[in-house]
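The data block below is protein-v5.txt; it holds compact mmCIF, C-alpha atoms.
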```txt
# COMPACT_ATOMS: atom_id res chain seq x y z
CA MET P 80 132.49 158.77 45.45
CA HIS P 81 133.29 155.57 43.66
CA ARG P 82 136.78 156.81 42.80
CA ILE P 83 137.55 157.31 46.46
CA GLU P 84 136.20 153.90 47.41
CA VAL P 85 138.25 152.10 44.76
CA GLU P 86 141.54 153.75 45.67
CA ALA P 87 141.10 152.95 49.34
CA GLU P 88 140.10 149.37 48.56
CA VAL P 89 143.28 148.71 46.61
CA ASP P 90 145.47 149.96 49.47
CA VAL P 91 143.52 148.03 52.06
CA LEU P 92 143.59 144.80 50.06
CA SER P 93 147.31 144.95 49.30
CA MET P 94 148.04 145.59 52.99
CA ASN P 95 145.75 142.70 53.87
CA LYS P 96 147.57 140.37 51.45
CA LYS P 97 150.92 141.17 53.07
CA LEU P 98 149.60 140.57 56.60
CA ALA P 99 147.80 137.37 55.54
CA ALA P 100 151.15 136.05 54.28
CA GLU P 101 152.69 136.85 57.68
CA ASN P 102 149.85 135.03 59.46
CA ARG P 103 150.28 132.04 57.15
CA GLU P 104 154.04 131.95 57.82
CA TYR P 105 153.45 132.06 61.59
CA LEU P 106 150.95 129.20 61.40
CA ARG P 107 153.28 127.08 59.23
CA LYS P 108 156.23 127.66 61.55
CA HIS P 109 154.23 126.57 64.59
CA GLY P 110 152.53 123.63 62.88
CA ILE P 111 149.07 125.13 63.38
CA VAL P 112 146.14 124.58 61.00
CA ALA P 113 143.63 127.45 60.78
CA ILE P 114 140.08 127.13 59.46
CA ASN P 115 138.09 130.27 58.56
CA ILE P 116 134.36 129.60 59.06
CA MET P 117 132.11 132.01 57.19
CA GLY P 118 128.31 132.22 56.99
CA ALA P 119 125.32 134.38 57.85
CA THR P 120 124.15 135.07 61.40
CA GLY P 121 122.19 132.02 62.58
CA SER P 122 123.74 129.60 60.08
CA GLY P 123 125.25 127.63 62.98
CA LYS P 124 128.92 128.69 63.06
CA THR P 125 129.22 129.03 66.83
CA LEU P 126 127.45 125.73 67.54
CA LEU P 127 129.72 124.00 65.02
CA ILE P 128 132.76 125.30 66.90
CA GLU P 129 131.31 124.28 70.29
CA LYS P 130 130.52 120.75 69.16
CA THR P 131 133.84 120.35 67.36
CA VAL P 132 135.73 121.36 70.50
CA ASP P 133 133.73 118.89 72.61
CA ALA P 134 134.31 116.07 70.13
CA LEU P 135 138.02 116.59 69.39
CA SER P 136 139.61 118.14 72.49
CA ASN P 137 140.91 114.75 73.61
CA GLU P 138 142.65 114.28 70.23
CA MET P 139 144.13 117.71 69.55
CA LYS P 140 144.68 121.16 71.09
CA ILE P 141 142.16 123.66 69.75
CA GLY P 142 141.97 127.46 69.98
CA ALA P 143 139.26 129.76 68.62
CA ILE P 144 138.98 133.33 67.33
CA LEU P 145 135.44 134.69 67.30
CA GLY P 146 134.61 137.71 65.17
CA ASP P 147 131.46 139.74 65.67
CA VAL P 148 130.40 143.35 65.14
CA ILE P 149 129.60 143.79 68.77
CA CYS P 150 129.15 141.96 72.09
CA LYS P 151 130.79 138.85 73.43
CA ALA P 152 127.87 136.41 73.40
CA ASP P 153 129.65 133.93 71.11
CA TYR P 154 132.87 134.27 73.11
CA GLU P 155 131.04 133.42 76.30
CA ARG P 156 129.46 130.36 74.72
CA VAL P 157 132.73 128.93 73.41
CA VAL P 158 135.03 129.74 76.34
CA LYS P 159 132.89 127.47 78.55
CA HIS P 160 134.20 124.52 76.57
CA GLY P 161 137.62 124.92 78.17
CA ILE P 162 139.80 126.11 75.28
CA PRO P 163 141.71 129.36 74.69
CA VAL P 164 139.41 131.84 72.91
CA GLU P 165 140.04 135.32 71.51
CA ALA P 166 137.11 137.64 70.74
CA VAL P 167 137.39 140.25 68.00
CA ASN P 168 134.75 142.98 67.91
CA THR P 169 134.92 144.65 64.50
CA GLY P 170 132.64 147.59 65.36
CA LYS P 171 131.01 148.47 62.07
CA GLU P 172 133.19 146.27 59.89
CA CYS P 173 131.37 143.35 58.28
CA HIS P 174 134.36 141.00 58.03
CA LEU P 175 137.55 139.98 59.76
CA ASP P 176 140.84 140.90 58.09
CA ALA P 177 144.42 139.70 58.42
CA HIS P 178 145.39 142.68 60.57
CA LEU P 179 142.51 142.30 63.01
CA ILE P 180 143.40 138.71 63.80
CA HIS P 181 147.19 138.99 63.58
CA HIS P 182 147.78 139.54 67.29
CA ARG P 183 145.23 136.87 68.16
CA ILE P 184 146.80 134.28 65.89
CA THR P 185 150.26 134.96 67.26
CA SER P 186 148.98 134.60 70.83
CA PHE P 187 148.37 130.90 70.16
CA LYS P 188 151.53 128.83 70.34
CA ASP P 189 150.63 125.46 71.71
CA VAL P 190 147.59 124.58 69.62
CA ASP P 191 147.16 122.24 66.65
CA LEU P 192 144.07 123.90 65.25
CA ILE P 193 142.55 127.39 65.28
CA LEU P 194 138.86 127.69 64.42
CA ILE P 195 138.05 131.23 63.24
CA GLU P 196 134.44 132.42 63.20
CA ASN P 197 134.07 135.27 60.72
CA VAL P 198 131.46 138.06 60.98
CA GLY P 199 127.97 136.90 60.03
CA ASN P 200 127.20 137.55 56.37
CA LEU P 201 127.97 136.08 52.93
CA ILE P 202 129.28 139.19 51.19
CA CYS P 203 132.08 141.04 52.96
CA PRO P 204 134.47 138.25 54.05
CA VAL P 205 135.09 137.29 50.40
CA ASP P 206 138.00 139.63 49.66
CA PHE P 207 139.90 139.20 52.91
CA ASP P 208 142.41 136.37 53.10
CA LEU P 209 143.23 135.87 56.78
CA GLY P 210 146.17 133.57 56.15
CA GLU P 211 143.99 130.56 56.97
CA ASP P 212 144.60 127.07 55.54
CA TYR P 213 140.97 126.20 54.81
CA ARG P 214 137.78 128.11 54.18
CA VAL P 215 134.39 126.81 55.20
CA VAL P 216 131.12 128.42 54.14
CA MET P 217 128.08 127.47 56.19
CA VAL P 218 124.49 128.13 55.12
CA SER P 219 121.21 127.13 56.68
CA VAL P 220 118.26 125.90 54.63
CA THR P 221 116.20 128.51 56.51
CA GLU P 222 117.99 131.23 54.50
CA GLY P 223 116.06 130.06 51.41
CA ASP P 224 117.18 127.59 48.75
CA ASP P 225 118.32 130.44 46.49
CA VAL P 226 120.96 131.59 48.98
CA VAL P 227 123.81 129.74 47.22
CA GLU P 228 123.14 131.07 43.72
CA LYS P 229 122.73 134.58 45.15
CA HIS P 230 126.25 134.61 46.65
CA PRO P 231 128.52 132.97 44.06
CA GLU P 232 131.76 134.68 45.13
CA ILE P 233 131.93 133.23 48.62
CA PHE P 234 130.97 129.70 47.54
CA ARG P 235 133.62 129.73 44.79
CA LEU P 236 136.43 130.17 47.31
CA ALA P 237 135.24 127.56 49.82
CA ASP P 238 137.07 124.30 50.55
CA VAL P 239 134.05 123.00 52.43
CA ILE P 240 130.41 124.02 51.95
CA ILE P 241 128.08 123.05 54.80
CA ILE P 242 124.32 123.06 54.23
CA ASN P 243 123.01 123.14 57.79
CA LYS P 244 119.58 122.60 59.42
CA VAL P 245 118.54 120.10 56.71
CA ALA P 246 116.00 118.58 59.13
CA LEU P 247 114.02 121.84 58.78
CA ALA P 248 114.04 121.79 54.96
CA GLU P 249 110.47 120.57 54.63
CA ALA P 250 109.11 123.04 57.19
CA VAL P 251 110.68 126.01 55.37
CA GLU P 252 109.99 124.56 51.89
CA ALA P 253 113.67 124.53 50.92
CA ASN P 254 114.99 122.22 48.20
CA VAL P 255 118.31 120.89 49.53
CA ASP P 256 119.10 119.13 46.24
CA LYS P 257 118.93 122.48 44.45
CA MET P 258 121.24 124.08 47.03
CA GLU P 259 123.76 121.26 46.64
CA GLU P 260 123.57 121.46 42.84
CA ASP P 261 124.12 125.23 42.90
CA ALA P 262 127.14 124.71 45.15
CA LYS P 263 128.58 122.02 42.86
CA ASN P 264 128.09 124.18 39.79
CA LEU P 265 129.86 127.14 41.38
CA ASN P 266 132.63 125.10 42.94
CA PRO P 267 133.10 121.51 41.73
CA LYS P 268 136.14 120.97 43.99
CA ALA P 269 134.54 121.86 47.32
CA LYS P 270 133.54 119.18 49.80
CA ILE P 271 129.81 119.53 50.42
CA ILE P 272 128.32 118.36 53.72
CA ARG P 273 124.59 118.16 54.45
CA MET P 274 124.30 118.81 58.15
CA ASP P 275 121.90 119.25 61.00
CA LEU P 276 123.86 119.99 64.13
CA LYS P 277 120.86 119.55 66.42
CA LYS P 278 120.10 116.11 64.94
CA ASP P 279 123.76 115.06 64.57
CA ILE P 280 123.39 114.71 60.80
CA GLY P 281 126.65 115.18 58.87
CA PHE P 282 128.70 115.97 61.95
CA ASP P 283 130.92 112.86 61.72
CA GLU P 284 131.77 113.76 58.13
CA TRP P 285 132.88 117.20 59.34
CA LEU P 286 134.98 115.69 62.15
CA ASP P 287 136.68 113.39 59.62
CA PHE P 288 137.54 116.43 57.51
CA VAL P 289 139.03 118.26 60.52
CA ARG P 290 141.00 115.20 61.65
CA GLY P 291 142.30 114.77 58.09
CA VAL P 292 143.62 118.32 57.71
CA VAL P 293 145.15 118.49 61.18
CA ARG P 294 147.02 115.17 60.73
CA ARG P 295 148.35 115.96 57.25
CA MET A 149 145.31 150.61 56.78
CA HIS A 150 142.73 151.88 59.25
CA ARG A 151 143.70 155.49 58.56
CA ILE A 152 142.94 155.01 54.86
CA GLU A 153 139.62 153.35 55.59
CA VAL A 154 138.47 156.14 57.89
CA GLU A 155 139.34 158.97 55.50
CA ALA A 156 137.53 157.30 52.63
CA GLU A 157 134.54 156.55 54.80
CA VAL A 158 134.08 160.20 55.77
CA ASP A 159 134.12 161.32 52.11
CA VAL A 160 131.75 158.58 51.03
CA LEU A 161 129.31 159.27 53.86
CA SER A 162 129.22 163.02 53.32
CA MET A 163 128.58 162.47 49.58
CA ASN A 164 125.88 159.97 50.50
CA LYS A 165 124.22 162.45 52.84
CA LYS A 166 124.03 165.06 50.09
CA LEU A 167 122.53 162.62 47.59
CA ALA A 168 120.08 161.24 50.15
CA ALA A 169 118.80 164.80 50.67
CA GLU A 170 118.29 165.10 46.89
CA ASN A 171 116.39 161.81 46.82
CA ARG A 172 114.25 162.96 49.73
CA GLU A 173 113.49 166.25 48.00
CA TYR A 174 112.48 164.41 44.80
CA LEU A 175 110.17 162.09 46.73
CA ARG A 176 108.56 164.97 48.63
CA LYS A 177 108.00 166.97 45.44
CA HIS A 178 106.28 164.04 43.74
CA GLY A 179 104.26 162.97 46.78
CA ILE A 180 105.95 159.58 46.92
CA VAL A 181 106.55 157.63 50.14
CA ALA A 182 109.64 155.38 50.15
CA ILE A 183 110.21 152.49 52.56
CA ASN A 184 113.70 150.98 52.92
CA ILE A 185 113.39 147.29 53.87
CA MET A 186 116.53 145.84 55.44
CA GLY A 187 117.28 142.34 56.73
CA ALA A 188 119.43 139.26 56.17
CA THR A 189 119.10 136.98 53.16
CA GLY A 190 116.15 134.69 53.77
CA SER A 191 114.44 136.94 56.30
CA GLY A 192 111.48 137.34 53.94
CA LYS A 193 111.99 140.79 52.37
CA THR A 194 111.08 139.80 48.81
CA LEU A 195 108.00 137.84 49.84
CA LEU A 196 106.84 140.81 51.95
CA ILE A 197 107.09 143.04 48.88
CA GLU A 198 105.26 140.51 46.67
CA LYS A 199 102.40 140.09 49.11
CA THR A 200 102.15 143.83 49.80
CA VAL A 201 101.88 144.55 46.09
CA ASP A 202 99.16 141.91 45.68
CA ALA A 203 97.20 143.25 48.65
CA LEU A 204 97.45 147.00 47.95
CA SER A 205 97.72 147.46 44.17
CA ASN A 206 94.02 148.26 43.92
CA GLU A 207 94.40 151.02 46.53
CA MET A 208 97.67 152.71 45.51
CA LYS A 209 100.36 152.74 42.81
CA ILE A 210 103.47 150.89 43.95
CA GLY A 211 106.99 150.70 42.51
CA ALA A 212 109.92 148.64 43.80
CA ILE A 213 113.71 148.87 43.83
CA LEU A 214 115.46 145.56 44.51
CA GLY A 215 119.07 145.56 45.64
CA ASP A 216 121.23 142.45 45.51
CA VAL A 217 124.93 141.72 45.12
CA ILE A 218 124.31 139.73 41.97
CA CYS A 219 121.61 138.14 39.82
CA LYS A 220 118.06 139.18 39.14
CA ALA A 221 116.15 136.40 40.90
CA ASP A 222 114.30 138.81 43.20
CA TYR A 223 113.59 141.17 40.31
CA GLU A 224 112.02 138.34 38.33
CA ARG A 225 109.85 137.35 41.29
CA VAL A 226 108.48 140.84 41.90
CA VAL A 227 108.03 142.01 38.29
CA LYS A 228 105.49 139.20 37.78
CA HIS A 229 103.17 141.09 40.12
CA GLY A 230 102.62 143.75 37.48
CA ILE A 231 104.33 146.81 38.97
CA PRO A 232 107.34 148.87 37.78
CA VAL A 233 110.50 147.34 39.26
CA GLU A 234 114.14 148.46 39.12
CA ALA A 235 116.93 146.00 39.95
CA VAL A 236 120.23 147.23 41.39
CA ASN A 237 123.15 144.83 41.41
CA THR A 238 125.77 146.18 43.78
CA GLY A 239 128.56 143.80 42.76
CA LYS A 240 130.65 143.41 45.88
CA GLU A 241 128.97 146.16 47.88
CA CYS A 242 126.96 144.96 50.85
CA HIS A 243 124.43 147.82 50.94
CA LEU A 244 122.53 150.23 48.74
CA ASP A 245 123.50 153.89 48.87
CA ALA A 246 121.80 157.13 47.86
CA HIS A 247 123.80 157.36 44.63
CA LEU A 248 123.05 153.80 43.52
CA ILE A 249 119.32 154.30 43.75
CA HIS A 250 119.16 157.96 42.65
CA HIS A 251 118.43 157.24 38.98
CA ARG A 252 115.97 154.52 39.93
CA ILE A 253 114.05 156.74 42.32
CA THR A 254 113.82 159.53 39.78
CA SER A 255 112.53 157.10 37.13
CA PHE A 256 109.33 156.70 39.18
CA LYS A 257 106.92 159.58 38.72
CA ASP A 258 103.43 158.20 38.93
CA VAL A 259 103.67 156.05 42.04
CA ASP A 260 102.44 156.63 45.61
CA LEU A 261 104.85 154.21 47.26
CA ILE A 262 108.32 152.84 46.52
CA LEU A 263 109.35 149.67 48.36
CA ILE A 264 113.14 149.36 48.46
CA GLU A 265 114.73 146.00 49.25
CA ASN A 266 118.24 146.54 50.58
CA VAL A 267 121.13 144.05 50.23
CA GLY A 268 120.78 141.06 52.55
CA ASN A 269 122.64 141.58 55.83
CA LEU A 270 122.23 143.46 59.12
CA ILE A 271 125.53 145.33 59.20
CA CYS A 272 126.35 147.39 56.12
CA PRO A 273 123.08 149.24 55.35
CA VAL A 274 123.24 151.04 58.73
CA ASP A 275 125.31 154.05 57.67
CA PHE A 276 123.63 154.74 54.34
CA ASP A 277 120.59 156.98 54.35
CA LEU A 278 118.86 156.51 50.99
CA GLY A 279 116.52 159.44 51.40
CA GLU A 280 113.71 157.07 52.37
CA ASP A 281 110.80 158.08 54.63
CA TYR A 282 110.67 154.90 56.72
CA ARG A 283 113.08 152.14 57.63
CA VAL A 284 111.97 148.58 58.24
CA VAL A 285 114.24 145.90 59.67
CA MET A 286 113.08 142.33 59.14
CA VAL A 287 114.50 139.32 60.98
CA SER A 288 113.50 135.69 60.96
CA VAL A 289 113.35 133.60 64.12
CA THR A 290 115.50 131.07 62.23
CA GLU A 291 118.46 133.47 62.52
CA GLY A 292 118.59 132.68 66.25
CA ASP A 293 116.94 134.60 69.09
CA ASP A 294 120.19 136.47 69.78
CA VAL A 295 120.15 138.14 66.36
CA VAL A 296 118.60 141.39 67.64
CA GLU A 297 121.02 141.96 70.51
CA LYS A 298 123.93 141.16 68.18
CA HIS A 299 123.04 143.95 65.73
CA PRO A 300 122.02 146.95 67.87
CA GLU A 301 122.88 149.65 65.33
CA ILE A 302 120.39 148.60 62.68
CA PHE A 303 117.54 148.02 65.12
CA ARG A 304 118.09 151.44 66.71
CA LEU A 305 117.34 153.24 63.45
CA ALA A 306 114.25 151.23 62.48
CA ASP A 307 110.73 152.65 62.36
CA VAL A 308 109.29 149.15 62.09
CA ILE A 309 110.87 145.90 63.32
CA ILE A 310 109.37 142.73 61.86
CA ILE A 311 110.04 139.39 63.54
CA ASN A 312 109.17 136.94 60.76
CA LYS A 313 108.58 133.17 60.59
CA VAL A 314 107.21 133.07 64.15
CA ALA A 315 105.37 129.82 63.31
CA LEU A 316 108.80 128.14 63.16
CA ALA A 317 109.95 129.45 66.55
CA GLU A 318 109.38 126.18 68.36
CA ALA A 319 111.07 124.06 65.68
CA VAL A 320 114.22 126.23 65.81
CA GLU A 321 114.05 126.73 69.59
CA ALA A 322 113.83 130.52 69.31
CA ASN A 323 112.35 132.65 72.09
CA VAL A 324 110.25 135.29 70.32
CA ASP A 325 109.52 137.13 73.60
CA LYS A 326 113.26 137.62 74.10
CA MET A 327 113.65 138.96 70.55
CA GLU A 328 110.81 141.41 71.05
CA GLU A 329 112.20 142.51 74.41
CA ASP A 330 115.67 143.08 72.91
CA ALA A 331 114.09 145.14 70.14
CA LYS A 332 112.08 147.24 72.63
CA ASN A 333 115.14 147.86 74.78
CA LEU A 334 117.20 149.03 71.81
CA ASN A 335 114.43 151.07 70.23
CA PRO A 336 111.38 151.87 72.38
CA LYS A 337 109.77 153.96 69.61
CA ALA A 338 109.75 151.33 66.85
CA LYS A 339 106.58 149.50 65.89
CA ILE A 340 107.20 145.79 66.39
CA ILE A 341 105.27 143.25 64.33
CA ARG A 342 105.33 139.49 64.93
CA MET A 343 104.81 137.98 61.51
CA ASP A 344 104.64 134.74 59.58
CA LEU A 345 104.10 135.54 55.93
CA LYS A 346 103.36 131.94 55.00
CA LYS A 347 100.69 131.68 57.72
CA ASP A 348 99.34 135.23 57.25
CA ILE A 349 100.25 136.15 60.82
CA GLY A 350 100.88 139.87 61.36
CA PHE A 351 100.39 140.76 57.70
CA ASP A 352 97.25 142.88 58.26
CA GLU A 353 99.09 144.91 60.86
CA TRP A 354 101.82 145.60 58.28
CA LEU A 355 99.26 146.61 55.66
CA ASP A 356 97.68 149.03 58.13
CA PHE A 357 101.08 150.62 58.70
CA VAL A 358 101.65 151.01 54.96
CA ARG A 359 98.18 152.44 54.36
CA GLY A 360 98.72 154.86 57.23
CA VAL A 361 102.01 156.29 55.96
CA VAL A 362 100.88 156.55 52.35
CA ARG A 363 97.67 158.39 53.29
CA ARG A 364 99.35 160.83 55.67
```
Write-out of the structure in C-alpha cells:
Amino acid sequence: MHRIEVEAEVDVLSMNKKLAAENREYLRKHGIVAINIMGATGSGKTLLIEKTVDALSNEMKIGAILGDVICKADYERVVKHGIPVEAVNTGKECHLDAHLIHHRITSFKDVDLILIENVGNLICPVDFDLGEDYRVVMVSVTEGDDVVEKHPEIFRLADVIIINKVALAEAVEANVDKMEEDAKNLNPKAKIIRMDLKKDIGFDEWLDFVRGVVRR
Amino acid sequence: MHRIEVEAEVDVLSMNKKLAAENREYLRKHGIVAINIMGATGSGKTLLIEKTVDALSNEMKIGAILGDVICKADYERVVKHGIPVEAVNTGKECHLDAHLIHHRITSFKDVDLILIENVGNLICPVDFDLGEDYRVVMVSVTEGDDVVEKHPEIFRLADVIIINKVALAEAVEANVDKMEEDAKNLNPKAKIIRMDLKKDIGFDEWLDFVRGVVRR
C-alpha cells in the first residue's frame, strides 16, 4: 500500500512543480503578485480577503481564487466586494495544486494582486507549490496554543504567519506568547502578525505588507 | 496527474477495506469497542479523551490510540491518566488508516474500549474505515458556524456529532442552532451533542453514550 502511495506521490509532485513554474512565469510576465493564504477552517482566511479587498481596492486591482472541498459559500462572500473571483471546488482533495488553479490564474490579466485561499487545514497544502510569490499561514488562538508546534512543516515555509483572534486568547486560555515563540523557533525569517480581524488588531500591519510586495 | 492519483487511490482504498475488516474481526473476537474520534485541530478531541478516561476508568478498561502528523504532545497528555496509550505519527499523512493502527489495535487485549483520536482535519479521514464500531465528529463553534455545511462528507458518516465550546458561541458570533440544523439535515440519524468540556456542558450525555455502546 505504501509503495503505491509513494510512487504516485513522486509523479504528482514532479508534475506539480512543472505547472507551478508555468504559473510563476505567467504571473511574472503580467506583473501580478500572488499570495497563497493557508490555514484551518475558521482561522479567518475569507474575512482577511474580504477586508483586504475593501481596504485596498482603490489602490490596486485585486482578484481572488477561493479553494474549498465543496460549496461556494466563500465565493459568494467575496464576490460581493466587487472584484473578479474564481471558485475551485477540490471535491475530496485537501489542498489546491498548481494544475487546479492554472486556468484560474491565467484568466486574470488586468490585476496587480491575486489572493488565493487554500483548502482549510494545516497539513495537505505543504507539498504543493502553486507558483505563488508569497505564502501566508493563518492560525486562530481558538485552535489551541499548541497548534504551531504540532504543524512545523507548514510554518517553516511561510513568509507571513498570522496569529488571529488574539482578543479571544484569554477566553480560550491560549498563550499567544508561546504561539509566537514556537513560530519564531520554526521559522526565524517569517513576519509574524498578531491579529484580530473583528477588533482591527494587526490589520494595518498586514496591509503594509501587501502594499510593500505589490509595489516592489 | 489526475489519472495517476485515481489509480493509486483505488488500490489504497481496497487494501484499507481489507485491513479494516481484519481490525473489526480482532475487536469483535476480543469484545472490544472502538470509537474513532475525528475533528479539526483544537476542536477538543484530546481533552474529550482525557476527561472520558477520568470519568469511566473505574467502570471499564480503556485504551487510546492517538494519531498526529508529528510530535507526541497529545500522547504525553493522555498517558498521564494511567491508561495504555499508543501514539501514531503519520508524518505527512492527514488521516489514520487501517494499516497504521493495525499493530496498535492488536496490542490491546484486556481493554473494553479503545478511543482513537484521528489526525486533525475534517477532510482526509472520510475515506478510511479503521474497523472502528462508532465514528464521532467533533467541531468547535470557534471554527465558524458554516463549518458543518462546508464538510458534508464527514458529517454524513458520523454516529455522534459533537458541537463543542458552545459557551464561546456568543463571543465568536456563532449560531449553534444553525450548526445543529445543518448536522441534522446532512445526517438525520446521528446523535447530536452540544458540549462545552471546560464548563461540563453535554459531558454526561457523552458518557451515557459511551456506557451504552460498551455495555451492549
Of P:Lys124, P:His109, P:Lys188, P:Arg294, the one nearest to chain A when counting all atoms listed in the file is P:Lys124
Would you give me, as a PyMOL selection string, the residues of chain P that come within 8 Å of chain A, using all atoms listed in the file?
chain P and resi 80+83-84+87+90-91+94+119-122+148-150+171-173+200+202-203+221-223+226+229-230+247+250
List the neighbours of Ala143 of chain P out to 10 Å using only C-alpha atoms; skip same-chain residues closer than 3 positions along the sequence, and give me the result as a PyMOL selection string.
chain P and resi 113-114+128-129+132+146+154+157-158+162-166+183-184+187+190+192-196
So how many Å separate atom CA of Val287 of chain A and atom CA of Asp261 of chain P, to one decimal?
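Those two atoms sit 24.9 Å apart.
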From atom CA of Arg225 of chain A to atom CA of Val324 of chain A the spacing works out at 29.1 Å
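Relative to atom CA of Gly210 of chain P, atom CA of Lys270 of chain P is found at 20.2 Å.
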